[in-house]
>>> print(open('coords-v2.json').read())   # JSON, C-alpha atoms
[["chain", "number", "residue", "atom", "x", "y", "z"],
["A", 387, "MET", "CA", -53.09, -123.80, -33.16],
["A", 388, "PRO", "CA", -53.91, -120.41, -34.71],
["A", 389, "LYS", "CA", -52.14, -117.36, -33.38],
["A", 390, "GLN", "CA", -54.22, -115.40, -30.87],
["A", 391, "VAL", "CA", -54.44, -111.71, -31.70],
["A", 392, "ASP", "CA", -55.29, -109.13, -29.10],
["A", 393, "HIS", "CA", -57.49, -106.90, -31.26],
["A", 394, "ALA", "CA", -57.85, -104.16, -28.65],
["A", 395, "ALA", "CA", -54.07, -103.95, -28.27],
["A", 396, "ARG", "CA", -53.59, -103.91, -32.04],
["A", 397, "ARG", "CA", -56.15, -101.10, -32.43],
["A", 398, "ALA", "CA", -54.38, -99.17, -29.65],
["A", 399, "GLU", "CA", -50.97, -99.64, -31.34],
["A", 400, "ILE", "CA", -52.36, -98.26, -34.59],
["A", 401, "ALA", "CA", -54.07, -95.35, -32.82],
["A", 402, "GLN", "CA", -50.80, -94.63, -30.98],
["A", 403, "ALA", "CA", -49.00, -94.45, -34.33],
["A", 404, "ALA", "CA", -51.63, -91.95, -35.51],
["A", 405, "LEU", "CA", -51.02, -89.86, -32.37],
["A", 406, "ARG", "CA", -47.30, -89.74, -33.11],
["A", 407, "LEU", "CA", -48.03, -88.56, -36.63],
["A", 408, "CYS", "CA", -50.50, -85.95, -35.36],
["A", 409, "ALA", "CA", -47.85, -84.63, -33.00],
["A", 410, "ARG", "CA", -45.15, -84.59, -35.63],
["A", 411, "ASP", "CA", -47.07, -83.53, -38.76],
["A", 412, "GLY", "CA", -50.52, -82.36, -37.65],
["A", 413, "LEU", "CA", -53.76, -83.93, -38.81],
["A", 414, "ALA", "CA", -52.99, -83.17, -42.44],
["A", 415, "GLY", "CA", -49.98, -85.48, -42.17],
["A", 416, "VAL", "CA", -52.10, -88.45, -41.14],
["A", 417, "SER", "CA", -53.16, -90.95, -43.77],
["A", 418, "ILE", "CA", -53.96, -94.64, -43.61],
["A", 419, "GLY", "CA", -50.73, -95.38, -45.48],
["A", 420, "ARG", "CA", -48.54, -93.21, -43.26],
["A", 421, "VAL", "CA", -50.11, -94.65, -40.11],
["A", 422, "ALA", "CA", -49.46, -98.17, -41.41],
["A", 423, "GLN", "CA", -45.82, -97.26, -42.05],
["A", 424, "GLU", "CA", -45.48, -95.62, -38.61],
["A", 425, "ALA", "CA", -47.07, -98.65, -36.90],
["A", 426, "GLY", "CA", -45.03, -101.14, -38.93],
["A", 427, "VAL", "CA", -48.12, -102.90, -40.27],
["A", 428, "SER", "CA", -49.82, -103.19, -43.62],
["A", 429, "LYS", "CA", -52.25, -100.60, -44.93],
["A", 430, "GLY", "CA", -54.83, -103.39, -45.16],
["A", 431, "LEU", "CA", -54.47, -104.14, -41.46],
["A", 432, "VAL", "CA", -55.09, -100.48, -40.58],
["A", 433, "GLN", "CA", -58.19, -100.55, -42.82],
["A", 434, "HIS", "CA", -59.31, -103.78, -41.14],
["A", 435, "TYR", "CA", -59.52, -101.93, -37.81],
["A", 436, "PHE", "CA", -60.51, -98.49, -39.10],
["A", 437, "ALA", "CA", -62.78, -98.08, -42.13],
["A", 438, "ALA", "CA", -61.75, -94.46, -42.70],
["A", 439, "LYS", "CA", -59.22, -91.89, -41.57],
["A", 440, "ALA", "CA", -61.91, -90.14, -39.49],
["A", 441, "ASP", "CA", -62.57, -93.37, -37.56],
["A", 442, "LEU", "CA", -58.86, -93.74, -36.87],
["A", 443, "LEU", "CA", -58.57, -90.14, -35.70],
["A", 444, "ARG", "CA", -61.58, -90.46, -33.39],
["A", 445, "ALA", "CA", -60.08, -93.60, -31.85],
["A", 446, "SER", "CA", -56.80, -91.72, -31.44],
["A", 447, "ALA", "CA", -58.60, -88.83, -29.75],
["A", 448, "HIS", "CA", -60.11, -91.27, -27.24],
["A", 449, "LEU", "CA", -56.69, -92.83, -26.66],
["A", 450, "LEU", "CA", -55.19, -89.38, -26.16],
["A", 451, "ARG", "CA", -57.70, -88.59, -23.44],
["A", 452, "GLN", "CA", -57.00, -91.92, -21.70],
["A", 453, "GLU", "CA", -53.25, -91.38, -21.80],
["A", 454, "ILE", "CA", -53.46, -87.86, -20.39],
["A", 455, "GLU", "CA", -55.72, -89.13, -17.60],
["A", 456, "HIS", "CA", -53.20, -91.92, -16.89],
["A", 457, "HIS", "CA", -50.35, -89.38, -16.80],
["A", 458, "VAL", "CA", -52.22, -87.22, -14.29],
["A", 459, "ARG", "CA", -53.33, -90.17, -12.13],
["A", 460, "ALA", "CA", -49.72, -91.37, -11.91],
["A", 461, "ALA", "CA", -48.71, -87.96, -10.57],
["A", 462, "LEU", "CA", -51.31, -88.19, -7.80],
["A", 463, "GLN", "CA", -50.21, -91.47, -6.25],
["A", 464, "ASP", "CA", -48.75, -89.95, -3.09],
["A", 465, "ALA", "CA", -51.02, -86.91, -2.74],
["A", 466, "ASP", "CA", -52.11, -86.47, 0.86],
["A", 467, "SER", "CA", -54.53, -83.53, 0.86],
["A", 468, "PRO", "CA", -56.84, -81.61, -1.46],
["A", 469, "ALA", "CA", -54.20, -78.87, -1.82],
["A", 470, "ASP", "CA", -51.50, -81.42, -2.65],
["A", 471, "THR", "CA", -53.81, -83.18, -5.12],
["A", 472, "LEU", "CA", -54.65, -79.88, -6.81],
["A", 473, "ARG", "CA", -51.02, -78.83, -7.13],
["A", 474, "ARG", "CA", -49.91, -82.24, -8.41],
["A", 475, "THR", "CA", -52.73, -82.29, -10.97],
["A", 476, "LEU", "CA", -51.76, -78.89, -12.32],
["A", 477, "LEU", "CA", -48.06, -79.78, -12.31],
["A", 478, "ALA", "CA", -48.83, -82.93, -14.30],
["A", 479, "VAL", "CA", -50.47, -80.76, -16.95],
["A", 480, "VAL", "CA", -47.52, -78.33, -16.99],
["A", 481, "GLU", "CA", -45.04, -81.20, -17.25],
["A", 482, "LEU", "CA", -46.74, -82.60, -20.37],
["A", 483, "GLY", "CA", -44.46, -80.17, -22.21],
["A", 484, "VAL", "CA", -41.41, -82.24, -21.22],
["A", 485, "ARG", "CA", -42.70, -85.64, -20.10],
["A", 486, "ALA", "CA", -45.29, -86.27, -22.81],
["A", 487, "PRO", "CA", -44.85, -83.80, -25.67],
["A", 488, "VAL", "CA", -46.56, -86.18, -28.12],
["A", 489, "LEU", "CA", -49.73, -85.98, -26.04],
["A", 490, "LEU", "CA", -49.58, -82.20, -25.84],
["A", 491, "LEU", "CA", -48.91, -81.70, -29.55],
["A", 492, "ALA", "CA", -51.49, -84.26, -30.64],
["A", 493, "GLY", "CA", -53.96, -82.62, -28.26],
["A", 494, "HIS", "CA", -53.49, -79.31, -30.03],
["A", 495, "ALA", "CA", -54.11, -80.95, -33.39],
["A", 496, "PHE", "CA", -57.29, -82.57, -32.12],
["A", 497, "LEU", "CA", -58.46, -79.35, -30.50],
["A", 498, "ALA", "CA", -58.38, -77.68, -33.91],
["A", 499, "TRP", "CA", -60.29, -80.62, -35.42],
["A", 500, "SER", "CA", -62.90, -80.51, -32.66],
["A", 501, "VAL", "CA", -64.22, -77.25, -34.09],
["A", 502, "ALA", "CA", -65.44, -79.15, -37.17],
["A", 503, "ASP", "CA", -66.17, -82.61, -35.73],
["A", 504, "PRO", "CA", -69.06, -82.88, -33.24],
["A", 505, "GLU", "CA", -67.90, -86.22, -31.81],
["A", 506, "VAL", "CA", -64.39, -84.99, -31.05],
["A", 507, "ARG", "CA", -65.79, -81.70, -29.75],
["A", 508, "GLY", "CA", -68.07, -83.70, -27.43],
["A", 509, "LEU", "CA", -65.09, -85.71, -26.22],
["A", 510, "TYR", "CA", -63.14, -82.51, -25.51],
["A", 511, "ARG", "CA", -66.10, -80.87, -23.79],
["A", 512, "ALA", "CA", -66.86, -83.93, -21.65],
["A", 513, "GLY", "CA", -63.22, -84.24, -20.62],
["A", 514, "GLY", "CA", -62.87, -80.52, -19.99],
["A", 515, "ASP", "CA", -66.07, -80.39, -17.96],
["A", 516, "ALA", "CA", -65.00, -83.37, -15.83],
["A", 517, "VAL", "CA", -61.58, -81.86, -15.13],
["A", 518, "HIS", "CA", -63.14, -78.51, -14.31],
["A", 519, "ARG", "CA", -65.51, -80.13, -11.81],
["A", 520, "GLU", "CA", -62.62, -81.95, -10.13],
["A", 521, "ILE", "CA", -60.43, -78.86, -9.96],
["A", 522, "THR", "CA", -63.36, -76.78, -8.67],
["A", 523, "ALA", "CA", -63.95, -79.28, -5.86],
["A", 524, "LEU", "CA", -60.25, -79.29, -4.96],
["A", 525, "VAL", "CA", -60.07, -75.48, -4.93],
["A", 526, "ALA", "CA", -63.19, -75.33, -2.74],
["A", 527, "ALA", "CA", -61.70, -77.84, -0.31],
["A", 528, "ALA", "CA", -58.23, -76.31, -0.18],
["A", 529, "ALA", "CA", -58.48, -72.53, -0.62],
["A", 530, "SER", "CA", -58.16, -70.51, 2.57],
["A", 531, "GLU", "CA", -58.77, -67.00, 1.22],
["A", 532, "PRO", "CA", -62.32, -65.77, 1.85],
["A", 533, "GLY", "CA", -64.57, -65.20, -1.14],
["A", 534, "VAL", "CA", -62.68, -67.50, -3.53],
["A", 535, "ASP", "CA", -64.92, -68.43, -6.46],
["A", 536, "ALA", "CA", -63.82, -72.06, -6.87],
["A", 537, "GLY", "CA", -65.31, -72.44, -10.36],
["A", 538, "ALA", "CA", -63.68, -69.29, -11.69],
["A", 539, "GLU", "CA", -60.35, -70.17, -10.07],
["A", 540, "ALA", "CA", -60.52, -73.64, -11.60],
["A", 541, "HIS", "CA", -60.79, -72.05, -15.06],
["A", 542, "VAL", "CA", -57.89, -69.72, -14.27],
["A", 543, "LEU", "CA", -55.69, -72.53, -12.95],
["A", 544, "LEU", "CA", -56.44, -74.89, -15.85],
["A", 545, "GLY", "CA", -55.83, -72.15, -18.41],
["A", 546, "LEU", "CA", -52.60, -71.23, -16.68],
["A", 547, "ALA", "CA", -51.38, -74.84, -16.50],
["A", 548, "ARG", "CA", -52.16, -75.41, -20.20],
["A", 549, "GLY", "CA", -50.39, -72.22, -21.20],
["A", 550, "LEU", "CA", -47.38, -73.04, -19.06],
["A", 551, "ALA", "CA", -47.22, -76.52, -20.63],
["A", 552, "ASP", "CA", -47.01, -74.88, -24.05],
["A", 553, "GLY", "CA", -44.31, -72.51, -22.81],
["A", 554, "VAL", "CA", -42.29, -75.41, -21.43],
["A", 555, "LEU", "CA", -42.78, -77.35, -24.67],
["A", 556, "ILE", "CA", -41.30, -74.62, -26.86],
["A", 557, "GLY", "CA", -38.58, -73.68, -24.38],
["A", 558, "GLU", "CA", -40.06, -70.32, -23.50],
["A", 559, "LEU", "CA", -39.53, -71.21, -19.85],
["A", 560, "GLY", "CA", -38.19, -74.13, -17.89],
["A", 561, "VAL", "CA", -40.19, -76.42, -15.66],
["A", 562, "ALA", "CA", -38.87, -74.69, -12.51],
["A", 563, "GLU", "CA", -39.99, -71.30, -13.82],
["A", 564, "ALA", "CA", -43.40, -72.70, -14.74],
["A", 565, "VAL", "CA", -43.76, -74.22, -11.27],
["A", 566, "ALA", "CA", -42.91, -70.84, -9.71],
["A", 567, "VAL", "CA", -45.63, -69.14, -11.78],
["A", 568, "LEU", "CA", -48.15, -71.83, -10.85],
["A", 569, "ASP", "CA", -47.21, -71.62, -7.17],
["A", 570, "HIS", "CA", -47.58, -67.84, -7.29],
["A", 571, "GLN", "CA", -51.17, -68.23, -8.53],
["A", 572, "LEU", "CA", -51.96, -70.93, -5.98],
["A", 573, "GLY", "CA", -50.59, -68.69, -3.23],
["A", 574, "ARG", "CA", -52.88, -65.86, -4.34],
["A", 575, "ILE", "CA", -55.90, -67.95, -3.37],
["A", 576, "GLY", "CA", -54.42, -69.08, -0.09],
["A", 577, "LEU", "CA", -53.13, -72.51, -1.07],
["A", 578, "PRO", "CA", -49.89, -73.87, 0.37],
["A", 579, "THR", "CA", -47.18, -74.34, -2.23],
["A", 580, "ASP", "CA", -44.51, -75.96, -0.09],
["A", 581, "LEU", "CA", -46.07, -79.40, -0.19]]
>>> encode(input="coords-v2.json", output="structure tokens")
Amino acid sequence: MPKQVDHAARRAEIAQAALRLCARDGLAGVSIGRVAQEAGVSKGLVQHYFAAKADLLRASAHLLRQEIEHHVRAALQDADSPADTLRRTLLAVVELGVRAPVLLLAGHAFLAWSVADPEVRGLYRAGGDAVHREITALVAAAASEPGVDAGAEAHVLLGLARGLADGVLIGELGVAEAVAVLDHQLGRIGLPTDL
């Protein structure tokens, strides 16, 4: 009986290898041959699943988005209120710097590429817009200070969390310090931080 191959899993393994290379060496360090070596497969197998480097990178960008979403969803399992959900979401982003540095670094590489590639830019924009809508809704539901502009605060909080993740990644500050900065900002808009 012929061996059954899970093609979706194989594609994901190869895309994951490309993500590791993106994180380690940037997009310039990604080639079909290097991805094959990183994945422990033949160059021909990589080419079987991905006709060109650009196809491989686009698949990796999609995988990156899925993995970040999974990371955030896992952090929300026990959230019990909009304020708790908001804080846990932002903390999950901050903690990418220590819990999932490959995702953070690869994300930066793809962000740079999105300037030149409309498909990847669309992926980033769609993901960013969806996250912004979710954070806006959580801020609106949880903020107690009068006059809070939920949409503007969502941009501030997301920008802060992303910046703190970078700071944690490079050792500029520890996770506890980053959490204190995030909690300070949440407190400014009347959100509880002792959840």
>>> residues_around(input="coords-v2.json", residues="region 437-454 of chain A", least_positions_apart="5", cutoff="10 Å", atoms="all atoms listed in the file", output="PDB file with C-alpha atoms, keeping the file's coordinate frame")
ATOM      1  CA  ARG A 397     -56.150-101.100 -32.430  1.00  0.00           C
ATOM      2  CA  ALA A 398     -54.380 -99.170 -29.650  1.00  0.00           C
ATOM      3  CA  GLU A 399     -50.970 -99.640 -31.340  1.00  0.00           C
ATOM      4  CA  ILE A 400     -52.360 -98.260 -34.590  1.00  0.00           C
ATOM      5  CA  ALA A 401     -54.070 -95.350 -32.820  1.00  0.00           C
ATOM      6  CA  GLN A 402     -50.800 -94.630 -30.980  1.00  0.00           C
ATOM      7  CA  ALA A 403     -49.000 -94.450 -34.330  1.00  0.00           C
ATOM      8  CA  ALA A 404     -51.630 -91.950 -35.510  1.00  0.00           C
ATOM      9  CA  LEU A 405     -51.020 -89.860 -32.370  1.00  0.00           C
ATOM     10  CA  ARG A 406     -47.300 -89.740 -33.110  1.00  0.00           C
ATOM     11  CA  CYS A 408     -50.500 -85.950 -35.360  1.00  0.00           C
ATOM     12  CA  LEU A 413     -53.760 -83.930 -38.810  1.00  0.00           C
ATOM     13  CA  VAL A 416     -52.100 -88.450 -41.140  1.00  0.00           C
ATOM     14  CA  SER A 417     -53.160 -90.950 -43.770  1.00  0.00           C
ATOM     15  CA  ILE A 418     -53.960 -94.640 -43.610  1.00  0.00           C
ATOM     16  CA  GLY A 419     -50.730 -95.380 -45.480  1.00  0.00           C
ATOM     17  CA  VAL A 421     -50.110 -94.650 -40.110  1.00  0.00           C
ATOM     18  CA  VAL A 432     -55.090-100.480 -40.580  1.00  0.00           C
ATOM     19  CA  ARG A 459     -53.330 -90.170 -12.130  1.00  0.00           C
ATOM     20  CA  ALA A 460     -49.720 -91.370 -11.910  1.00  0.00           C
ATOM     21  CA  ALA A 478     -48.830 -82.930 -14.300  1.00  0.00           C
ATOM     22  CA  VAL A 479     -50.470 -80.760 -16.950  1.00  0.00           C
ATOM     23  CA  LEU A 482     -46.740 -82.600 -20.370  1.00  0.00           C
ATOM     24  CA  ALA A 486     -45.290 -86.270 -22.810  1.00  0.00           C
ATOM     25  CA  VAL A 488     -46.560 -86.180 -28.120  1.00  0.00           C
ATOM     26  CA  LEU A 489     -49.730 -85.980 -26.040  1.00  0.00           C
ATOM     27  CA  LEU A 490     -49.580 -82.200 -25.840  1.00  0.00           C
ATOM     28  CA  ALA A 492     -51.490 -84.260 -30.640  1.00  0.00           C
ATOM     29  CA  GLY A 493     -53.960 -82.620 -28.260  1.00  0.00           C
ATOM     30  CA  ALA A 495     -54.110 -80.950 -33.390  1.00  0.00           C
ATOM     31  CA  PHE A 496     -57.290 -82.570 -32.120  1.00  0.00           C
ATOM     32  CA  LEU A 497     -58.460 -79.350 -30.500  1.00  0.00           C
ATOM     33  CA  TRP A 499     -60.290 -80.620 -35.420  1.00  0.00           C
ATOM     34  CA  SER A 500     -62.900 -80.510 -32.660  1.00  0.00           C
ATOM     35  CA  ASP A 503     -66.170 -82.610 -35.730  1.00  0.00           C
ATOM     36  CA  GLU A 505     -67.900 -86.220 -31.810  1.00  0.00           C
ATOM     37  CA  VAL A 506     -64.390 -84.990 -31.050  1.00  0.00           C
ATOM     38  CA  LEU A 509     -65.090 -85.710 -26.220  1.00  0.00           C
ATOM     39  CA  TYR A 510     -63.140 -82.510 -25.510  1.00  0.00           C
ATOM     40  CA  GLY A 513     -63.220 -84.240 -20.620  1.00  0.00           C
TER      41      GLY A 513
END
>>> closest_residue(input="coords-v2.json", among="A:Ala498, A:Leu544, A:Ser428, A:Leu568", to="Ala414 (chain A)", atoms="only C-alpha atoms")
A:Ala498
>>> atom_distance(input="coords-v2.json", atom1="CA of Val458 (chain A)", atom2="CA of Leu572 (chain A)")
18.3 Å
>>> closest_residue(input="coords-v2.json", among="A:Ala566, A:Val542, A:Leu472, A:Leu491", to="Ala529 (chain A)", atoms="all atoms listed in the file")
A:Leu472
>>> residues_around(input="coords-v2.json", residues="Ile575 (chain A)", least_positions_apart="5", cutoff="12 Å", atoms="only C-alpha atoms", output="ChimeraX atom specification")
/A:469,525-536,538-540,542-543,568-570
>>> closest_residue(input="coords-v2.json", among="A:Glu563, A:Asp464, A:Asp515, A:Asp411", to="Glu481 (chain A)", atoms="all atoms listed in the file")
A:Glu563
>>> decode(input="coords-v2.json", residues="region 411-433 of chain A", atoms="N, CA, C and O atoms", output="JSON list (two decimals), in the first residue's frame")
[["chain", "number", "residue", "atom", "x", "y", "z"],
["A", 411, "ASP", "N", 17.59, 35.17, 9.32],
["A", 411, "ASP", "CA", 18.42, 35.79, 8.29],
["A", 411, "ASP", "C", 17.71, 36.86, 7.46],
["A", 411, "ASP", "O", 18.28, 37.40, 6.52],
["A", 412, "GLY", "N", 16.43, 37.14, 7.77],
["A", 412, "GLY", "CA", 15.67, 38.08, 6.95],
["A", 412, "GLY", "C", 15.26, 37.43, 5.64],
["A", 412, "GLY", "O", 15.66, 36.32, 5.31],
["A", 413, "LEU", "N", 14.46, 38.15, 4.87],
["A", 413, "LEU", "CA", 13.97, 37.60, 3.61],
["A", 413, "LEU", "C", 15.08, 37.32, 2.62],
["A", 413, "LEU", "O", 14.99, 36.39, 1.83],
["A", 414, "ALA", "N", 16.13, 38.11, 2.67],
["A", 414, "ALA", "CA", 17.24, 37.90, 1.74],
["A", 414, "ALA", "C", 17.92, 36.55, 1.98],
["A", 414, "ALA", "O", 18.54, 36.00, 1.06],
["A", 415, "GLY", "N", 17.80, 36.03, 3.19],
["A", 415, "GLY", "CA", 18.42, 34.75, 3.51],
["A", 415, "GLY", "C", 17.59, 33.54, 3.14],
["A", 415, "GLY", "O", 17.99, 32.41, 3.38],
["A", 416, "VAL", "N", 16.42, 33.78, 2.56],
["A", 416, "VAL", "CA", 15.53, 32.68, 2.19],
["A", 416, "VAL", "C", 15.71, 32.34, 0.72],
["A", 416, "VAL", "O", 15.62, 33.20, -0.14],
["A", 417, "SER", "N", 16.00, 31.08, 0.48],
["A", 417, "SER", "CA", 16.05, 30.55, -0.89],
["A", 417, "SER", "C", 15.42, 29.17, -0.85],
["A", 417, "SER", "O", 15.30, 28.56, 0.22],
["A", 418, "ILE", "N", 15.04, 28.68, -2.00],
["A", 418, "ILE", "CA", 14.45, 27.34, -2.06],
["A", 418, "ILE", "C", 15.42, 26.31, -1.47],
["A", 418, "ILE", "O", 15.03, 25.46, -0.67],
["A", 419, "GLY", "N", 16.69, 26.43, -1.83],
["A", 419, "GLY", "CA", 17.70, 25.49, -1.33],
["A", 419, "GLY", "C", 17.88, 25.57, 0.18],
["A", 419, "GLY", "O", 17.98, 24.55, 0.86],
["A", 420, "ARG", "N", 17.93, 26.79, 0.72],
["A", 420, "ARG", "CA", 18.12, 26.94, 2.17],
["A", 420, "ARG", "C", 16.89, 26.47, 2.93],
["A", 420, "ARG", "O", 17.00, 25.89, 4.01],
["A", 421, "VAL", "N", 15.70, 26.71, 2.38],
["A", 421, "VAL", "CA", 14.48, 26.23, 3.02],
["A", 421, "VAL", "C", 14.46, 24.70, 3.03],
["A", 421, "VAL", "O", 14.11, 24.08, 4.03],
["A", 422, "ALA", "N", 14.86, 24.10, 1.91],
["A", 422, "ALA", "CA", 14.92, 22.64, 1.84],
["A", 422, "ALA", "C", 15.85, 22.10, 2.92],
["A", 422, "ALA", "O", 15.51, 21.14, 3.63],
["A", 423, "GLN", "N", 17.01, 22.71, 3.04],
["A", 423, "GLN", "CA", 17.98, 22.27, 4.05],
["A", 423, "GLN", "C", 17.40, 22.45, 5.46],
["A", 423, "GLN", "O", 17.50, 21.55, 6.30],
["A", 424, "GLU", "N", 16.79, 23.59, 5.72],
["A", 424, "GLU", "CA", 16.20, 23.87, 7.04],
["A", 424, "GLU", "C", 15.08, 22.88, 7.37],
["A", 424, "GLU", "O", 14.93, 22.46, 8.51],
["A", 425, "ALA", "N", 14.29, 22.52, 6.35],
["A", 425, "ALA", "CA", 13.16, 21.61, 6.55],
["A", 425, "ALA", "C", 13.58, 20.15, 6.53],
["A", 425, "ALA", "O", 12.79, 19.27, 6.88],
["A", 426, "GLY", "N", 14.82, 19.88, 6.08],
["A", 426, "GLY", "CA", 15.28, 18.50, 6.01],
["A", 426, "GLY", "C", 14.64, 17.72, 4.87],
["A", 426, "GLY", "O", 14.40, 16.51, 4.99],
["A", 427, "VAL", "N", 14.35, 18.42, 3.78],
["A", 427, "VAL", "CA", 13.75, 17.79, 2.60],
["A", 427, "VAL", "C", 14.56, 18.18, 1.37],
["A", 427, "VAL", "O", 15.46, 19.02, 1.44],
["A", 428, "SER", "N", 14.22, 17.59, 0.26],
["A", 428, "SER", "CA", 14.94, 17.92, -0.97],
["A", 428, "SER", "C", 14.44, 19.24, -1.56],
["A", 428, "SER", "O", 13.30, 19.66, -1.33],
["A", 429, "LYS", "N", 15.31, 19.85, -2.33],
["A", 429, "LYS", "CA", 14.95, 21.09, -3.03],
["A", 429, "LYS", "C", 13.77, 20.82, -3.97],
["A", 429, "LYS", "O", 12.86, 21.64, -4.09],
["A", 430, "GLY", "N", 13.77, 19.66, -4.61],
["A", 430, "GLY", "CA", 12.69, 19.29, -5.51],
["A", 430, "GLY", "C", 11.35, 19.21, -4.80],
["A", 430, "GLY", "O", 10.32, 19.56, -5.37],
["A", 431, "LEU", "N", 11.36, 18.72, -3.56],
["A", 431, "LEU", "CA", 10.11, 18.64, -2.81],
["A", 431, "LEU", "C", 9.57, 20.03, -2.50],
["A", 431, "LEU", "O", 8.37, 20.28, -2.61],
["A", 432, "VAL", "N", 10.46, 20.95, -2.12],
["A", 432, "VAL", "CA", 10.03, 22.33, -1.88],
["A", 432, "VAL", "C", 9.42, 22.90, -3.15],
["A", 432, "VAL", "O", 8.35, 23.51, -3.13],
["A", 433, "GLN", "N", 10.07, 22.66, -4.29],
["A", 433, "GLN", "CA", 9.57, 23.17, -5.57],
["A", 433, "GLN", "C", 8.28, 22.48, -5.99],
["A", 433, "GLN", "O", 7.47, 23.06, -6.72]]
